[in-house]
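First comes the structure, then the notes that go with it.
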Protein chains: 2
Amino acid sequence: MNRVDEAQAKAAQIFALFNEIGIISQLSRAQFDAHLPDGFSVQHFSVLNHLLRVKNGQTPLALARAFQVPKNTMTHTLGGLERAGLVALKPNPDDGRSKQVWISDEGRTFRDQAIASLVPSMMDLLPVLADVDVEKLVGDLVRIRTYLDAARDN
Amino acid sequence: MNRVDEAQAKAAQIFALFNEIGIISQLSRAQFDAHLPDGFSVQHFSVLNHLLRVKNGQTPLALARAFQVPKNTMTHTLGGLERAGLVALKPNPDDGRSKQVWISDEGRTFRDQAIASLVPSMMDLLPVLADVDVEKLVGDLVRIRTYLDAARDN
DNA sequence: ATTACATAGTTCAACATCGAACCAAATGGA
DNA sequence: TCCATTTGGTTCGATGTTGAACTATGTAAT
């Protein structure tokens, strides 16, 4: 096998990797969404979860970066959460251009209920993951994600 | 740690897993698309690739299943490929409701050129994947995807 | 043959995503 | 201080995705 063939074989493997990742992303998103109240998706849940687990009162831009989405996409997501009263957007006292996103009591309740309804179907995955080192798997993925993120804005 | 806490910890880990997968899916799709001609995305490439590598002349529904997308999504993707003359849709002689998707010479050329322009950026990933057993990684993902697929339409 | 049901594919409408253009506030020279 | 540039956020328009409803063909049962 010459050098070009080797490169092609490696590339095919990498393509298969991202192909699987893309399909799993689709399928899992659909599964998650199905367990959330109508009109809400994983993004909404993820933002609430992030505010509670990482830090409350973050700026929209910080959240956009955390989830690797364009800032206008985050505007859209936060709009939905705000209309539903799950977060409050307040002006950022440190920067007149900016805002802060604070989760409300309703938001906390929503997140808790979402977890309660999501956990059971995740438990169904345990048998599938029995032979998988999830810790390592996530670690590998984080490395790949970190690289892609760095390569993004060149 | 009691049973509920354990379940929550496991669930958090699984959530992190799908979270990473979702983000990588976003980022890698953007990267791929950027290297393809305007108006074409990974799906278009994937379909052409599938027709060549797996089997030419498949039905739209078979392709939709292969990529785990709803059939109307595949209709949309095939529409783009057909308008561009990269595939031809012919009636299925075995079934009057159905069609067959055949890749054209232009389609083959498009796919070859796409590979040529995609491979270099995939090679950039090699250092990142040096410590990763990609074979095993893909295997684990396939197992997860297979489960999700089976759980989909229950 | 008739009827009921299942399957392949399209259309339509709702919604998500995202690049580009835009506005306002902040920053950094000179 | 003034001006150019950068940064946080929104708006707008184009496109992708998908559920639901629909058409047409095939299949099975009686």
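By order in the structure tokens, chains are A, B, ...; within a chain, residues start at 1; ligands start at 1, following the order shown.
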
For the interface of chain C with chain A (cut-off 8 Å, counting only C-alpha atoms (C1' of nucleotides)), please tabulate each contacting residue of chain C alongside its nearest pair of atoms and their separation in Å to one decimal, rows sorted by chain and increasing number, as a Markdown table.
```
| residue | atom | partner | partner_atom | distance |
| --- | --- | --- | --- | --- |
| C:DT17 | C1' | A:Thr73 | CA | 6.7 |
| C:DC18 | C1' | A:Pro70 | CA | 7.0 |
| C:DA24 | C1' | A:Arg97 | CA | 6.9 |
| C:DA25 | C1' | A:Arg97 | CA | 5.1 |
| C:DA26 | C1' | A:Asp95 | CA | 7.9 |
```

DSSP alpha helix (DSSP H) residues within range 1-79 of chain B, as a ChimeraX atom specification: /B:3-34,42-53,60-66,71-79

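With only C-alpha atoms as the atoms that count, the minimum distance from chain A to the choices B:Asp112, B:Asp5, B:Glu20, B:Asp105 is reached by B:Glu20.
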
Do me a favour and pick out the residues of chain D within 10 Å of chain B, using only C-alpha atoms (C1' of nucleotides), as a compact mmCIF listing (two decimals) with N, CA and C atoms (P, O5', C5', C4', C3', O3' and C1' of nucleotides), in the first residue's frame.
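In the end it all went to out10.txt:
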```txt
# COMPACT_ATOMS: atom_id res chain seq x y z
P DT D 15 -30.99 30.02 -0.66
O5' DT D 15 -30.83 28.84 0.39
C5' DT D 15 -29.67 28.80 1.22
C4' DT D 15 -29.88 27.79 2.31
C3' DT D 15 -30.52 26.47 1.85
O3' DT D 15 -29.63 25.42 2.15
C1' DT D 15 -31.52 27.26 3.84
P DG D 16 -30.01 23.88 1.89
O5' DG D 16 -30.32 23.35 3.35
C5' DG D 16 -29.35 23.59 4.39
C4' DG D 16 -29.75 22.85 5.64
C3' DG D 16 -30.23 21.42 5.42
O3' DG D 16 -29.79 20.65 6.53
C1' DG D 16 -32.01 22.70 6.31
P DT D 17 -30.07 19.10 6.65
O5' DT D 17 -31.37 19.00 7.56
C5' DT D 17 -31.30 19.52 8.89
C4' DT D 17 -32.62 19.31 9.57
C3' DT D 17 -33.23 17.92 9.35
O3' DT D 17 -33.39 17.31 10.62
C1' DT D 17 -34.84 19.65 9.03
P DT D 18 -33.79 15.78 10.76
O5' DT D 18 -35.37 15.86 10.97
C5' DT D 18 -35.87 16.73 11.97
C4' DT D 18 -37.37 16.85 11.85
C3' DT D 18 -38.09 15.53 11.52
O3' DT D 18 -39.12 15.35 12.45
C1' DT D 18 -38.86 17.26 10.15
P DG D 19 -39.65 13.90 12.82
O5' DG D 19 -41.21 14.20 13.07
C5' DG D 19 -41.58 15.21 14.01
C4' DG D 19 -42.97 15.73 13.69
C3' DG D 19 -44.02 14.64 13.50
O3' DG D 19 -45.24 15.11 14.05
C1' DG D 19 -43.84 15.92 11.51
P DA D 24 -53.15 10.55 -7.17
O5' DA D 24 -52.19 9.29 -7.15
C5' DA D 24 -50.80 9.49 -7.38
C4' DA D 24 -50.08 8.16 -7.23
C3' DA D 24 -50.82 6.98 -7.88
O3' DA D 24 -49.87 6.19 -8.56
C1' DA D 24 -50.37 6.50 -5.63
P DT D 25 -50.33 5.09 -9.62
O5' DT D 25 -49.68 3.78 -9.00
C5' DT D 25 -48.30 3.79 -8.68
C4' DT D 25 -48.05 2.74 -7.63
C3' DT D 25 -48.50 1.33 -8.02
O3' DT D 25 -47.34 0.52 -8.11
C1' DT D 25 -49.08 1.86 -5.79
P DG D 26 -47.43 -1.00 -8.55
O5' DG D 26 -47.52 -1.76 -7.15
C5' DG D 26 -46.37 -1.75 -6.31
C4' DG D 26 -46.70 -2.39 -4.99
C3' DG D 26 -47.09 -3.87 -5.07
O3' DG D 26 -46.29 -4.57 -4.14
C1' DG D 26 -48.68 -2.67 -3.81
```

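Closest approach to chain A among B:Ala12, B:Ala150, B:Leu89, B:Ile24: B:Ile24, based on only C-alpha atoms.
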